[in-house]
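Chemist: If it helps, the file is called target-v1.cif and holds mmCIF, C-alpha atoms and all ligand atoms:
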```cif
data_model
#
loop_
_atom_site.label_atom_id
_atom_site.label_comp_id
_atom_site.auth_asym_id
_atom_site.auth_seq_id
_atom_site.Cartn_x
_atom_site.Cartn_y
_atom_site.Cartn_z
CA MET A 20 100.66 77.68 216.34
CA ALA A 21 103.24 75.57 218.16
CA ALA A 22 103.95 73.34 215.14
CA LEU A 23 104.28 76.28 212.75
CA GLN A 24 106.48 78.15 215.23
CA GLN A 25 108.70 75.11 215.58
CA THR A 26 109.06 74.84 211.79
CA PHE A 27 109.83 78.56 211.59
CA ASP A 28 112.48 78.28 214.32
CA GLU A 29 114.02 75.46 212.32
CA VAL A 30 114.04 77.67 209.18
CA LEU A 31 115.88 80.38 211.15
CA ARG A 32 118.39 77.86 212.49
CA ARG A 33 119.13 76.22 209.15
CA ASN A 34 119.32 79.41 207.10
CA PRO A 35 121.39 81.88 209.14
CA GLY A 36 122.06 85.38 207.79
CA GLU A 37 119.21 85.38 205.27
CA PRO A 38 116.78 88.03 206.63
CA GLU A 39 114.78 88.46 203.39
CA PHE A 40 114.20 84.71 203.19
CA HIS A 41 113.07 84.65 206.84
CA GLN A 42 110.71 87.56 206.14
CA ALA A 43 109.14 85.84 203.11
CA VAL A 44 108.63 82.58 205.03
CA ARG A 45 107.21 84.37 208.07
CA GLU A 46 104.74 86.27 205.93
CA VAL A 47 103.37 83.03 204.49
CA PHE A 48 103.40 81.23 207.86
CA ASP A 49 101.34 84.06 209.42
CA SER A 50 98.53 83.02 207.06
CA LEU A 51 98.80 79.25 207.31
CA GLN A 52 97.41 78.63 210.79
CA VAL A 53 93.84 78.74 209.50
CA ILE A 54 94.46 75.99 206.97
CA GLN A 55 96.58 73.98 209.39
CA ASP A 56 93.61 73.94 211.81
CA ARG A 57 91.20 72.65 209.17
CA HIS A 58 93.60 70.31 207.39
CA PRO A 59 96.06 68.71 209.81
CA GLU A 60 96.86 66.16 207.08
CA TYR A 61 99.18 68.72 205.46
CA SER A 62 101.43 68.94 208.48
CA ASP A 63 101.13 65.20 209.13
CA ALA A 64 102.64 64.76 205.65
CA GLY A 65 105.38 67.30 206.43
CA ILE A 66 104.26 69.57 203.57
CA ILE A 67 105.19 72.86 205.22
CA THR A 68 108.57 71.59 206.38
CA ARG A 69 109.33 70.24 202.90
CA LEU A 70 108.19 73.50 201.26
CA CYS A 71 110.78 75.46 203.23
CA GLU A 72 113.66 73.45 201.77
CA PRO A 73 114.43 74.08 198.07
CA GLU A 74 114.51 70.93 195.94
CA ARG A 75 117.90 71.98 194.56
CA GLN A 76 120.27 74.94 195.00
CA ILE A 77 122.98 75.61 192.45
CA ILE A 78 125.85 78.05 193.12
CA PHE A 79 128.57 78.54 190.57
CA ARG A 80 131.55 80.67 189.54
CA VAL A 81 131.06 83.04 186.63
CA PRO A 82 134.46 84.18 185.27
CA TRP A 83 134.59 86.72 182.44
CA VAL A 84 137.01 89.24 180.95
CA ASP A 85 136.19 92.96 181.03
CA ASP A 86 137.00 95.51 178.30
CA GLN A 87 140.36 96.26 179.92
CA GLY A 88 141.37 92.60 179.65
CA THR A 89 141.02 92.03 183.40
CA VAL A 90 139.51 88.79 184.68
CA GLN A 91 136.36 89.34 186.75
CA VAL A 92 134.60 86.75 188.88
CA ASN A 93 130.92 86.84 189.88
CA ARG A 94 128.74 84.31 191.66
CA GLY A 95 125.80 82.68 189.90
CA PHE A 96 122.74 81.15 191.58
CA ARG A 97 119.73 79.10 190.60
CA VAL A 98 117.38 77.91 193.32
CA GLU A 99 115.06 75.23 191.92
CA TYR A 100 112.54 75.55 194.68
CA ASN A 101 109.46 73.48 193.96
CA SER A 102 108.31 71.50 190.93
CA ALA A 103 104.96 70.17 192.21
CA LEU A 104 102.94 72.10 189.63
CA GLY A 105 105.32 72.22 186.67
CA PRO A 106 108.91 72.97 185.64
CA TYR A 107 110.74 75.43 187.87
CA LYS A 108 109.82 78.90 186.64
CA GLY A 109 111.08 82.29 187.72
CA GLY A 110 113.37 85.08 186.70
CA LEU A 111 117.08 85.83 186.89
CA ARG A 112 118.19 88.94 188.77
CA PHE A 113 121.53 90.62 188.03
CA HIS A 114 122.23 93.12 190.81
CA PRO A 115 125.09 93.63 193.28
CA SER A 116 122.72 92.87 196.20
CA VAL A 117 122.03 89.31 194.98
CA ASN A 118 123.06 86.56 197.39
CA LEU A 119 121.67 83.15 198.26
CA GLY A 120 119.17 84.55 200.80
CA ILE A 121 117.72 86.98 198.25
CA VAL A 122 117.36 84.25 195.62
CA LYS A 123 115.69 81.96 198.18
CA PHE A 124 113.19 84.62 199.23
CA LEU A 125 112.32 85.28 195.60
CA GLY A 126 112.09 81.56 194.82
CA PHE A 127 109.87 80.93 197.82
CA GLU A 128 107.48 83.72 196.79
CA GLN A 129 107.49 82.41 193.24
CA ILE A 130 106.05 79.01 194.29
CA PHE A 131 102.83 80.57 195.57
CA LYS A 132 102.66 83.25 192.88
CA ASN A 133 102.96 80.70 190.11
CA SER A 134 100.37 78.49 191.78
CA LEU A 135 97.94 81.43 191.92
CA THR A 136 98.15 81.95 188.15
CA GLY A 137 96.41 78.58 187.71
CA LEU A 138 99.00 77.65 185.06
CA PRO A 139 101.32 74.61 185.19
CA ILE A 140 104.52 76.20 186.51
CA GLY A 141 106.65 75.38 189.56
CA GLY A 142 108.77 77.91 191.43
CA GLY A 143 112.41 78.88 191.01
CA LYS A 144 114.67 81.94 190.87
CA GLY A 145 118.25 82.75 190.04
CA GLY A 146 120.70 85.48 189.36
CA SER A 147 124.10 86.91 190.06
CA ASP A 148 125.80 89.72 191.96
CA PHE A 149 126.91 91.04 188.53
CA ASP A 150 125.93 94.70 187.97
CA PRO A 151 124.99 95.44 184.32
CA HIS A 152 125.00 99.21 185.04
CA GLY A 153 127.95 100.94 183.46
CA LYS A 154 129.03 97.80 181.57
CA SER A 155 129.44 97.78 177.79
CA ASP A 156 127.25 95.53 175.62
CA ASP A 157 130.31 93.35 175.01
CA GLU A 158 130.93 92.94 178.73
CA VAL A 159 127.28 92.03 179.35
CA MET A 160 127.51 89.51 176.50
CA ARG A 161 130.65 87.86 177.84
CA PHE A 162 129.16 87.67 181.31
CA CYS A 163 125.89 86.14 180.04
CA GLN A 164 127.74 83.58 177.93
CA SER A 165 129.85 82.52 180.90
CA PHE A 166 126.76 82.38 183.16
CA MET A 167 124.89 80.16 180.69
CA THR A 168 127.92 77.94 180.08
CA GLU A 169 127.38 76.60 183.60
CA LEU A 170 123.62 76.99 183.96
CA TYR A 171 122.52 75.36 180.68
CA ARG A 172 122.97 71.81 182.01
CA HIS A 173 120.27 72.47 184.63
CA LEU A 174 117.70 73.96 182.26
CA GLY A 175 115.14 72.61 179.80
CA GLU A 176 111.58 73.36 178.76
CA TYR A 177 110.34 70.53 181.02
CA THR A 178 112.90 71.14 183.77
CA ASP A 179 113.63 74.77 184.53
CA VAL A 180 112.64 77.87 182.55
CA PRO A 181 114.24 81.18 183.60
CA ALA A 182 113.16 84.68 182.52
CA GLY A 183 114.20 88.20 183.46
CA ASP A 184 113.96 90.14 186.70
CA ILE A 185 115.85 93.25 187.88
CA GLY A 186 118.85 93.84 185.58
CA VAL A 187 117.81 91.16 183.08
CA GLY A 188 115.86 92.39 180.06
CA ALA A 189 115.63 91.54 176.36
CA ARG A 190 119.35 92.18 175.78
CA GLU A 191 120.46 89.74 178.48
CA ILE A 192 117.84 87.11 177.54
CA GLY A 193 119.14 87.33 173.94
CA PHE A 194 122.73 86.62 174.98
CA LEU A 195 121.60 83.81 177.31
CA PHE A 196 119.36 82.17 174.71
CA GLY A 197 122.04 82.42 172.00
CA GLN A 198 124.54 80.65 174.23
CA TYR A 199 122.04 77.95 175.26
CA LYS A 200 121.23 77.28 171.60
CA ARG A 201 124.91 77.06 170.72
CA LEU A 202 125.81 74.74 173.60
CA THR A 203 122.90 72.34 173.10
CA ASN A 204 122.51 72.59 169.31
CA ARG A 205 118.75 72.86 169.91
CA TYR A 206 116.36 75.69 169.10
CA GLU A 207 114.45 75.02 172.29
CA ALA A 208 112.42 78.24 172.48
CA GLY A 209 110.52 77.17 175.61
CA VAL A 210 113.66 77.11 177.76
CA LEU A 211 113.63 80.87 178.44
CA THR A 212 110.86 83.45 178.43
CA GLY A 213 110.97 87.17 177.84
CA LYS A 214 112.53 86.49 174.44
CA GLY A 215 112.52 89.00 171.57
CA LEU A 216 109.43 89.02 169.38
CA ASP A 217 111.31 87.76 166.31
CA TRP A 218 112.73 84.71 168.04
CA GLY A 219 110.01 83.10 170.11
CA GLY A 220 108.94 85.91 172.43
CA SER A 221 105.35 86.79 173.26
CA LEU A 222 103.56 90.05 172.73
CA VAL A 223 102.53 91.64 176.07
CA ARG A 224 105.29 89.81 178.05
CA LYS A 225 107.27 93.04 178.44
CA GLU A 226 104.23 94.94 179.63
CA ALA A 227 102.65 92.13 181.64
CA THR A 228 103.96 92.61 185.20
CA GLY A 229 103.16 96.33 185.29
CA TYR A 230 99.85 95.94 183.46
CA GLY A 231 98.86 93.17 185.87
CA ALA A 232 99.67 95.22 188.98
CA ALA A 233 97.49 98.10 187.74
CA ILE A 234 94.66 95.71 186.78
CA PHE A 235 94.87 94.14 190.25
CA ALA A 236 94.58 97.60 191.86
CA ASP A 237 91.57 98.33 189.68
CA GLU A 238 89.91 95.04 190.68
CA MET A 239 90.52 95.68 194.40
CA LEU A 240 89.04 99.16 194.12
CA LYS A 241 86.04 97.90 192.17
CA ALA A 242 85.38 95.27 194.83
CA ARG A 243 85.03 98.14 197.29
CA GLY A 244 83.15 100.56 195.03
CA ALA A 245 84.61 102.41 192.05
CA GLY A 246 87.81 101.47 190.15
CA LEU A 247 90.95 103.39 189.21
CA GLU A 248 89.21 105.94 187.01
CA GLY A 249 89.81 109.54 188.06
CA LYS A 250 92.27 108.54 190.80
CA LYS A 251 95.88 109.56 191.35
CA ALA A 252 98.56 106.94 191.72
CA SER A 253 102.17 106.99 192.83
CA VAL A 254 104.54 104.50 191.23
CA SER A 255 108.06 103.80 192.46
CA GLY A 256 110.83 102.59 190.18
CA SER A 257 111.36 103.34 186.50
CA GLY A 258 112.16 99.91 185.09
CA ASN A 259 110.02 97.55 183.12
CA VAL A 260 107.43 97.01 185.84
CA ALA A 261 107.00 100.70 186.73
CA ILE A 262 106.80 101.93 183.11
CA TYR A 263 103.98 99.57 182.15
CA ALA A 264 102.14 99.98 185.45
CA ILE A 265 102.03 103.70 184.62
CA GLU A 266 100.76 102.96 181.12
CA LYS A 267 97.94 100.72 182.38
CA VAL A 268 96.94 103.21 185.12
CA HIS A 269 96.50 105.79 182.37
CA GLN A 270 94.55 103.36 180.15
CA LEU A 271 92.21 102.63 183.04
CA GLY A 272 91.51 106.34 183.47
CA GLY A 273 93.79 107.08 186.43
CA THR A 274 96.79 109.41 186.59
CA ALA A 275 100.20 108.13 187.63
CA ILE A 276 102.17 111.10 188.90
CA THR A 277 105.52 109.69 190.08
CA ALA A 278 108.48 107.52 189.09
CA SER A 279 111.79 107.01 190.87
CA ASP A 280 115.26 105.48 190.80
CA SER A 281 118.00 105.12 193.40
CA SER A 282 118.84 108.85 193.14
CA GLY A 283 115.35 110.18 193.98
CA TYR A 284 111.91 110.62 192.49
CA VAL A 285 109.97 112.84 190.10
CA VAL A 286 106.47 114.20 190.58
CA ASP A 287 104.54 115.26 187.52
CA GLU A 288 101.11 116.58 188.45
CA ASN A 289 99.96 116.34 184.81
CA GLY A 290 100.66 112.62 184.73
CA ILE A 291 103.93 110.95 183.78
CA ASP A 292 104.77 111.37 180.09
CA LEU A 293 105.42 107.76 179.16
CA GLU A 294 107.27 108.44 175.91
CA LEU A 295 109.77 110.68 177.69
CA LEU A 296 110.23 108.23 180.56
CA ARG A 297 110.80 105.33 178.14
CA GLN A 298 113.25 107.39 176.10
CA ILE A 299 115.31 108.23 179.19
CA LYS A 300 115.17 104.86 180.96
CA GLU A 301 114.78 102.25 178.19
CA VAL A 302 116.67 103.86 175.30
CA GLU A 303 119.29 106.06 176.99
CA ARG A 304 119.57 104.09 180.28
CA GLY A 305 119.75 107.52 181.97
CA ARG A 306 118.79 108.91 185.42
CA ILE A 307 115.35 110.01 186.58
CA HIS A 308 116.27 113.68 187.25
CA GLU A 309 116.57 114.12 183.48
CA TYR A 310 112.83 113.53 183.25
CA ALA A 311 112.01 116.66 185.29
CA GLU A 312 114.59 118.74 183.40
CA ARG A 313 113.26 117.76 179.98
CA ARG A 314 109.56 117.78 180.88
CA GLY A 315 109.66 121.33 182.33
CA GLU A 316 106.56 122.96 183.88
CA GLY A 317 104.63 120.84 186.38
CA ALA A 318 107.38 118.29 186.93
CA ARG A 319 109.94 118.34 189.71
CA PHE A 320 112.77 116.12 190.86
CA VAL A 321 113.21 115.39 194.57
CA GLU A 322 116.68 114.16 195.43
CA GLY A 323 116.68 111.33 197.97
CA GLY A 324 113.45 111.45 199.97
CA SER A 325 110.55 109.06 199.80
CA VAL A 326 108.16 108.83 196.86
CA TRP A 327 105.52 107.71 199.39
CA ASP A 328 105.37 111.27 200.82
CA VAL A 329 103.32 112.30 197.77
CA PRO A 330 99.56 112.23 198.58
CA VAL A 331 97.73 109.74 196.33
CA GLU A 332 94.81 107.33 196.40
CA ILE A 333 96.73 104.39 194.96
CA ALA A 334 100.30 103.26 195.58
CA LEU A 335 102.15 100.90 193.25
CA PRO A 336 105.57 99.96 194.65
CA CYS A 337 107.42 98.70 191.57
CA ALA A 338 111.10 99.06 192.51
CA THR A 339 112.53 96.43 194.88
CA GLN A 340 112.19 94.58 198.18
CA ASN A 341 111.60 96.50 201.41
CA GLU A 342 111.38 99.88 199.66
CA LEU A 343 108.23 100.84 201.60
CA ASP A 344 108.66 100.85 205.39
CA GLU A 345 106.40 101.49 208.38
CA ASP A 346 106.85 105.29 208.24
CA ALA A 347 106.04 105.36 204.53
CA ALA A 348 102.95 103.20 205.07
CA THR A 349 101.80 105.48 207.92
CA THR A 350 102.24 108.54 205.69
CA LEU A 351 100.30 106.93 202.84
CA VAL A 352 97.44 106.01 205.19
CA LYS A 353 97.41 109.51 206.69
CA ASN A 354 97.22 110.96 203.17
CA GLY A 355 94.16 108.84 202.38
CA VAL A 356 95.54 105.97 200.27
CA LEU A 357 92.80 103.50 199.29
CA ALA A 358 94.73 100.69 197.63
CA VAL A 359 98.30 99.38 197.48
CA SER A 360 99.22 96.93 194.73
CA GLU A 361 102.74 95.47 194.85
CA GLY A 362 104.39 95.41 191.40
CA ALA A 363 107.75 94.45 192.90
CA ASN A 364 108.49 91.37 195.00
CA MET A 365 108.03 92.03 198.75
CA PRO A 366 108.41 95.83 198.45
CA SER A 367 106.58 96.45 201.74
CA THR A 368 108.29 95.59 205.01
CA HIS A 369 106.50 93.33 207.48
CA GLU A 370 105.65 96.39 209.62
CA ALA A 371 104.31 98.33 206.62
CA VAL A 372 101.99 95.44 205.73
CA GLN A 373 100.62 95.49 209.30
CA VAL A 374 99.92 99.24 208.99
CA PHE A 375 97.93 98.70 205.78
CA ARG A 376 96.01 95.72 207.13
CA GLU A 377 95.12 97.46 210.40
CA ALA A 378 93.90 100.53 208.48
CA ASP A 379 91.82 98.22 206.23
CA ILE A 380 93.53 99.46 203.06
CA ALA A 381 93.00 97.22 200.03
CA PHE A 382 96.47 95.65 200.02
CA GLY A 383 97.46 93.37 197.11
CA PRO A 384 100.63 91.42 198.00
CA GLY A 385 103.22 90.92 195.24
CA LYS A 386 102.61 87.22 194.82
CA ALA A 387 99.08 88.05 193.65
CA ALA A 388 99.42 91.57 192.24
CA ASN A 389 102.58 91.06 190.18
CA ALA A 390 101.79 87.54 188.94
CA GLY A 391 100.91 88.89 185.47
CA GLY A 392 104.55 88.74 184.37
CA VAL A 393 105.11 85.09 185.09
CA ALA A 394 101.59 84.24 183.89
CA THR A 395 102.41 85.77 180.51
CA SER A 396 105.69 83.83 180.55
CA ALA A 397 103.56 80.69 180.79
CA LEU A 398 101.55 81.98 177.82
CA GLU A 399 104.86 82.44 175.98
CA MET A 400 105.68 78.79 176.77
CA GLN A 401 102.28 77.76 175.39
CA GLN A 402 102.97 79.63 172.15
CA ASN A 403 106.42 78.04 171.89
CA ALA A 404 105.02 74.55 172.49
CA SER A 405 102.45 74.97 169.74
CA ARG A 406 104.86 76.90 167.46
CA ASP A 407 102.32 79.68 167.26
CA THR A 408 102.20 83.42 167.92
CA TRP A 409 99.20 85.18 169.34
CA THR A 410 98.03 88.75 168.74
CA PHE A 411 98.52 91.54 171.25
CA GLU A 412 94.77 91.80 171.84
CA TYR A 413 94.29 88.08 172.48
CA THR A 414 97.31 87.83 174.79
CA GLU A 415 96.30 90.95 176.73
CA GLU A 416 92.79 89.57 177.13
CA ARG A 417 94.22 86.33 178.54
CA LEU A 418 96.37 88.36 180.96
CA THR A 419 93.39 90.44 182.09
CA GLN A 420 91.31 87.31 182.71
CA ILE A 421 94.14 85.70 184.67
CA MET A 422 94.53 88.80 186.90
CA ARG A 423 90.79 88.93 187.53
CA GLY A 424 90.85 85.23 188.31
CA ILE A 425 93.66 85.69 190.86
CA HIS A 426 91.76 88.56 192.44
CA THR A 427 88.59 86.47 192.76
CA THR A 428 90.53 83.48 194.13
CA CYS A 429 92.15 85.66 196.81
CA LEU A 430 88.83 87.22 197.83
CA GLU A 431 86.93 83.92 197.91
CA THR A 432 89.65 82.16 199.87
CA ALA A 433 89.86 85.00 202.40
CA GLU A 434 86.08 84.79 202.81
CA GLU A 435 86.17 80.99 203.15
CA PHE A 436 88.64 81.27 206.03
CA GLY A 437 86.75 84.01 207.84
CA ARG A 438 88.91 87.00 206.85
CA PRO A 439 86.90 88.87 204.17
CA GLY A 440 88.93 91.38 202.17
CA ASP A 441 92.29 90.05 203.42
CA TYR A 442 94.24 89.56 200.18
CA VAL A 443 97.40 88.51 202.03
CA LEU A 444 95.67 85.58 203.66
CA GLY A 445 93.74 84.76 200.49
CA ALA A 446 96.87 84.72 198.31
CA ASN A 447 98.97 82.70 200.73
CA VAL A 448 96.31 80.09 201.49
CA ALA A 449 95.10 79.67 197.90
CA GLY A 450 98.67 79.52 196.55
CA PHE A 451 99.69 77.04 199.24
CA ARG A 452 96.68 74.76 198.89
CA LYS A 453 97.27 73.85 195.26
CA VAL A 454 100.95 73.12 195.75
CA ALA A 455 100.22 71.15 198.93
CA ASP A 456 97.57 69.01 197.24
CA ALA A 457 99.95 68.13 194.40
CA MET A 458 102.70 67.27 196.90
CA MET A 459 100.26 65.07 198.83
CA ALA A 460 99.47 63.19 195.61
CA PHE A 461 103.16 62.51 194.94
CA GLY A 462 103.92 61.04 198.37
CA VAL A 463 107.11 61.84 200.26
CA ILE A 464 109.62 62.91 197.59
N1 LIG B 501 110.75 87.92 187.52
C1 LIG B 501 109.34 87.89 187.34
C2 LIG B 501 108.64 87.59 188.65
O1 LIG B 501 109.11 88.00 189.68
C3 LIG B 501 108.90 87.00 186.18
C4 LIG B 501 109.34 85.58 186.23
C5 LIG B 501 109.06 84.80 184.96
O2 LIG B 501 108.49 85.34 184.04
O3 LIG B 501 109.43 83.62 184.94
O4 LIG B 501 107.61 86.97 188.73
#
```
Re-express the file's structure as C-alpha cells.
Modeler:
Amino acid sequence: MAALQQTFDEVLRRNPGEPEFHQAVREVFDSLQVIQDRHPEYSDAGIITRLCEPERQIIFRVPWVDDQGTVQVNRGFRVEYNSALGPYKGGLRFHPSVNLGIVKFLGFEQIFKNSLTGLPIGGGKGGSDFDPHGKSDDEVMRFCQSFMTELYRHLGEYTDVPAGDIGVGAREIGFLFGQYKRLTNRYEAGVLTGKGLDWGGSLVRKEATGYGAAIFADEMLKARGAGLEGKKASVSGSGNVAIYAIEKVHQLGGTAITASDSSGYVVDENGIDLELLRQIKEVERGRIHEYAERRGEGARFVEGGSVWDVPVEIALPCATQNELDEDAATTLVKNGVLAVSEGANMPSTHEAVQVFREADIAFGPGKAANAGGVATSALEMQQNASRDTWTFEYTEERLTQIMRGIHTTCLETAEEFGRPGDYVLGANVAGFRKVADAMMAFGVI
C-alpha cells in the first residue's frame, strides 16, 4: 500500500485543484493493490507512475465571432493520455464545466475502458468550455471550425481519433470533419468517429453507449439469476446515452420509467414513450417537463429533486459525473435496487460506490458498462479502414458480443483476484493489465 499511497500523494501534489481527476485515479488505485502484490515488476518498471502522467496535453485558444458580431474566446483541450494499445481514442465534450481536470479524469478512465473492449485503441479525451445550448447552428459551426483549425495538426487515423461526448453530436462532428477535410485536403474518414451515415459513419454508433449499458445490466442480473425482463429501471439524463439505454431496456423486456435533465425529472409508470422523448430532446432540443405535459395521464414532472428517489430494481445513471451521491445510493438500496449500470462516466461518487459495494448490489462501473460507445467507434474505424459499411444487425451483434466479453472479463478477473462479483476490481485490474503489459514491452518511453 505504501508505494501506491506515495504515487497517489504525488498525483495530488502535481495536479492541484483537479478533484475529479483525483477521484478517478483513487478509484483505480483502490483496486490495484492486489495486482501490485502479485506482480511487483509493474511498479519496478514505474508503470503506475507513468500511467498517471498524460503523454501529451494540448490547451489552446478558440476565438470565434457570435451572431451579434462580438468576438468570443473559449478554451480548447485535448489530453492524449496513453497510446500503448493504439491511437489515442476518446470523445470531445463541449460544456461550460469543462476544464483540464475534467478532461484528465475522462482521459484516464478512457485508457482502461478502451483496453477492456479488447480493440486496438489508446486513451484520450478533449473538449471545450463552449456551451452549445442556446447557440445558433451558425455559431456552433464557427466555433467548431475554429476549434479544428488548431486541433487538426494533432489528429490522424493512426495518431488521435476524437468522437463525441456531452454537447458533441452528429451536427458538431459534421462541422469538425468538414474543417479537417478542408485543412488537410484528405478524406481521412478514420480521423473522427460518430460521423453521419452518408459520410463514413457506422450504424449503431449513435445507439451504442446506451444499448451497451442496458446489455451490461442484463448480463450482471443474469449472472445472479434472471435478467432485465419484467423489471423496472430508472434512467437519468435525456441525451444520446439515456435515450438508447431506455430503448434497449424496453427491447430486453424491462420498463424504463424515468428520464431527467438539469431542471428535474419525469416519471412515467407506463414506460417512457421513446418517440415523444426523442422528438422533444433530439429534434426540438426542448426541456424534459414538456414530456409530462404532452404525454398526459400516468406521467409527471418533478422539478429539482432526485430521480434516484423513484423505487426501481435497476438504476442507469446516464447524465454526468457525480450525479449519484451517498444519499441517493442509500435510497436506491433501501428501495431494493438490484443492479446499477453506469451509462455516464463516473456518475456515482466515491461514497455512493462504497454503499453499493457494501450492500452487494451488482454495480457496473462506467469504464465497463459504457464501453459500448467507444467499442462501436472502433468498429466504425474498422469499416473506414476497409472502405466498407456493415448492416445494423451485424454491427449490433458485434456490440452485444463485446459487452458480454467485457462482462465475462470483469467477472473472471474479480474471481482470479479473490473478489468474486466485484466488477469495479475486475474492470480496473483487467483494463490495467493489458495496458501495463504493452508498456512493459515498449521499455521506458
Ligand atoms: N465519449 C464516449 C466515451 O466516453 C465515446 C468515445 C469514443 O467513441 O471515442 O467513451
Chemist: Please tabulate, as CSV, the residues of chain A that come within 9 Å of ligand LIG 501 (chain B), each with its closest pair of atoms and the distance in Å to one decimal, counting only C-alpha atoms and all ligand atoms and ordering rows by chain, then residue number upward.
Modeler:
```
residue,atom,partner,partner_atom,distance
A:Tyr107,CA,B:LIG501,O3,8.8
A:Lys108,CA,B:LIG501,O3,5.0
A:Gly109,CA,B:LIG501,O3,3.5
A:Gly110,CA,B:LIG501,N1,3.9
A:Leu111,CA,B:LIG501,N1,6.7
A:Arg112,CA,B:LIG501,N1,7.6
A:Leu125,CA,B:LIG501,O1,7.3
A:Gly126,CA,B:LIG501,O1,8.8
A:Glu128,CA,B:LIG501,O1,8.5
A:Gln129,CA,B:LIG501,O4,6.4
A:Lys132,CA,B:LIG501,O4,7.5
A:Asn133,CA,B:LIG501,O4,7.9
A:Gly142,CA,B:LIG501,O3,8.7
A:Gly143,CA,B:LIG501,O3,8.3
A:Lys144,CA,B:LIG501,N1,7.9
A:Val180,CA,B:LIG501,O3,7.0
A:Pro181,CA,B:LIG501,O3,5.6
A:Ala182,CA,B:LIG501,O3,4.6
A:Gly183,CA,B:LIG501,N1,5.3
A:Asp184,CA,B:LIG501,N1,4.0
A:Ile185,CA,B:LIG501,N1,7.4
A:Val187,CA,B:LIG501,N1,8.9
A:Leu211,CA,B:LIG501,O3,8.2
A:Thr212,CA,B:LIG501,O2,6.4
A:Gly213,CA,B:LIG501,O2,6.9
A:Arg224,CA,B:LIG501,O2,8.1
A:Thr228,CA,B:LIG501,C1,7.5
A:Gly362,CA,B:LIG501,O1,9.0
A:Ala363,CA,B:LIG501,O1,7.3
A:Asn364,CA,B:LIG501,O1,6.3
A:Gly385,CA,B:LIG501,O1,8.6
A:Lys386,CA,B:LIG501,O4,7.9
A:Asn389,CA,B:LIG501,O4,6.6
A:Ala390,CA,B:LIG501,O4,5.9
A:Gly391,CA,B:LIG501,O4,7.7
A:Gly392,CA,B:LIG501,C3,5.0
A:Val393,CA,B:LIG501,O2,3.5
A:Ala394,CA,B:LIG501,O2,7.0
A:Thr395,CA,B:LIG501,O2,7.0
A:Ser396,CA,B:LIG501,O2,4.7
A:Ala397,CA,B:LIG501,O2,7.5
```
Chemist: Excluding range 48-54 of chain A and any residue of its chain fewer than 2 positions from it, enumerate the residues within 10 Å of it, using all atoms listed in the file, and give them as a VMD selection string.
Modeler: chain A and resid 20 to 24 26 to 27 42 to 46 56 to 59 61 67 436 to 438 443 to 449 451 to 452
Chemist: Show me as a short mmCIF file (atom, residue, chain, number, x, y, z; two decimals) with C-alpha atoms, in the coordinates of the input the residues that reach within 9 Å of (97.9, 106.6, 201.0), counting all atoms listed in the file and using the file's own coordinates.
Modeler:
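selection_15.cif was written with the following content:
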```cif
data_model
loop_
_atom_site.label_atom_id
_atom_site.label_comp_id
_atom_site.auth_asym_id
_atom_site.auth_seq_id
_atom_site.Cartn_x
_atom_site.Cartn_y
_atom_site.Cartn_z
CA TRP A 327 105.52 107.71 199.39
CA ASP A 328 105.37 111.27 200.82
CA VAL A 329 103.32 112.30 197.77
CA PRO A 330 99.56 112.23 198.58
CA VAL A 331 97.73 109.74 196.33
CA GLU A 332 94.81 107.33 196.40
CA ILE A 333 96.73 104.39 194.96
CA ALA A 334 100.30 103.26 195.58
CA ALA A 347 106.04 105.36 204.53
CA ALA A 348 102.95 103.20 205.07
CA THR A 349 101.80 105.48 207.92
CA THR A 350 102.24 108.54 205.69
CA LEU A 351 100.30 106.93 202.84
CA VAL A 352 97.44 106.01 205.19
CA LYS A 353 97.41 109.51 206.69
CA ASN A 354 97.22 110.96 203.17
CA GLY A 355 94.16 108.84 202.38
CA VAL A 356 95.54 105.97 200.27
CA LEU A 357 92.80 103.50 199.29
CA ALA A 358 94.73 100.69 197.63
CA VAL A 359 98.30 99.38 197.48
CA ILE A 380 93.53 99.46 203.06
#
```
Chemist: Can you pull out the residues contacting Val260 in chain A? Cut-off 6 Å, using all atoms listed in the file, and skip same-chain residues under 3 positions away; I want them as an MDAnalysis selection string.
Modeler: chainID A and resid 228:229 263 337
Chemist: In terms of the shortest atom-to-atom distance over all atoms listed in the file, which of A:Phe375, A:Phe127, A:Phe320, A:Trp83 is closest to Val47 in chain A?
Modeler: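 Distance minimum relative to Val47 in chain A lands on A:Phe127.
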Chemist: Work out how far apart CA of Val117 in chain A and CA of Asp346 in chain A are and give it in Å to one decimal.
Modeler: 25.7 Å
Chemist: Could you work out how far CA of Glu361 in chain A lies from CA of Gly383 in chain A, giving the answer in Å with one decimal?
Modeler: 6.1 Å
Chemist: Could you jot down the CA of Gln420 in chain A to CA of Leu293 in chain A separation for me, Å, one decimal place?
Modeler: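 Going from CA of Gln420 in chain A over to CA of Leu293 in chain A covers 25.1 Å.
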Chemist: Can you work out which one of A:Gly36, A:Val454, A:Asp287, A:Asn259 has the shortest atom-to-atom distance to Val223 in chain A, counting only C-alpha atoms?
Modeler: A:Asn259
Chemist: From the list A:Ile78, A:Ile265, A:Leu271, A:Ile130, which residue is nearest Ala455 in chain A when using only C-alpha atoms?
Modeler: A:Ile130
Chemist: Using only C-alpha atoms, which residue out of A:Ile192, A:Ala278, A:Leu202, A:Ala387 lies closest to Glu309 in chain A?
Modeler: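 Result for the nearest residue to Glu309 in chain A: A:Ala278.
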Chemist: Would you give the centre and edge lengths, in Å to one decimal, of a box along x, y and z around the listed atoms of range 429-442 of chain A, with 3 Å added to each side, as AutoDock Vina command-line options?
Modeler:
```
--center_x 90.2 --center_y 86.2 --center_z 202.3 --size_x 14.2 --size_y 16.4 --size_z 17.0
```
Chemist: List the neighbours of Asp150 in chain A out to 10 Å using all atoms listed in the file; skip same-chain residues closer than 6 positions along the sequence, and give me the result as a PDB file with C-alpha atoms, in the frame of the given file.
Modeler:
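Output (result-v6.pdb):
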```
ATOM      1  CA  ASN A  93     130.920  86.840 189.880  1.00  0.00           C
ATOM      2  CA  ARG A 112     118.190  88.940 188.770  1.00  0.00           C
ATOM      3  CA  PHE A 113     121.530  90.620 188.030  1.00  0.00           C
ATOM      4  CA  HIS A 114     122.230  93.120 190.810  1.00  0.00           C
ATOM      5  CA  PRO A 115     125.090  93.630 193.280  1.00  0.00           C
ATOM      6  CA  SER A 116     122.720  92.870 196.200  1.00  0.00           C
ATOM      7  CA  VAL A 117     122.030  89.310 194.980  1.00  0.00           C
ATOM      8  CA  VAL A 159     127.280  92.030 179.350  1.00  0.00           C
ATOM      9  CA  GLY A 186     118.850  93.840 185.580  1.00  0.00           C
TER      10      GLY A 186
END
```
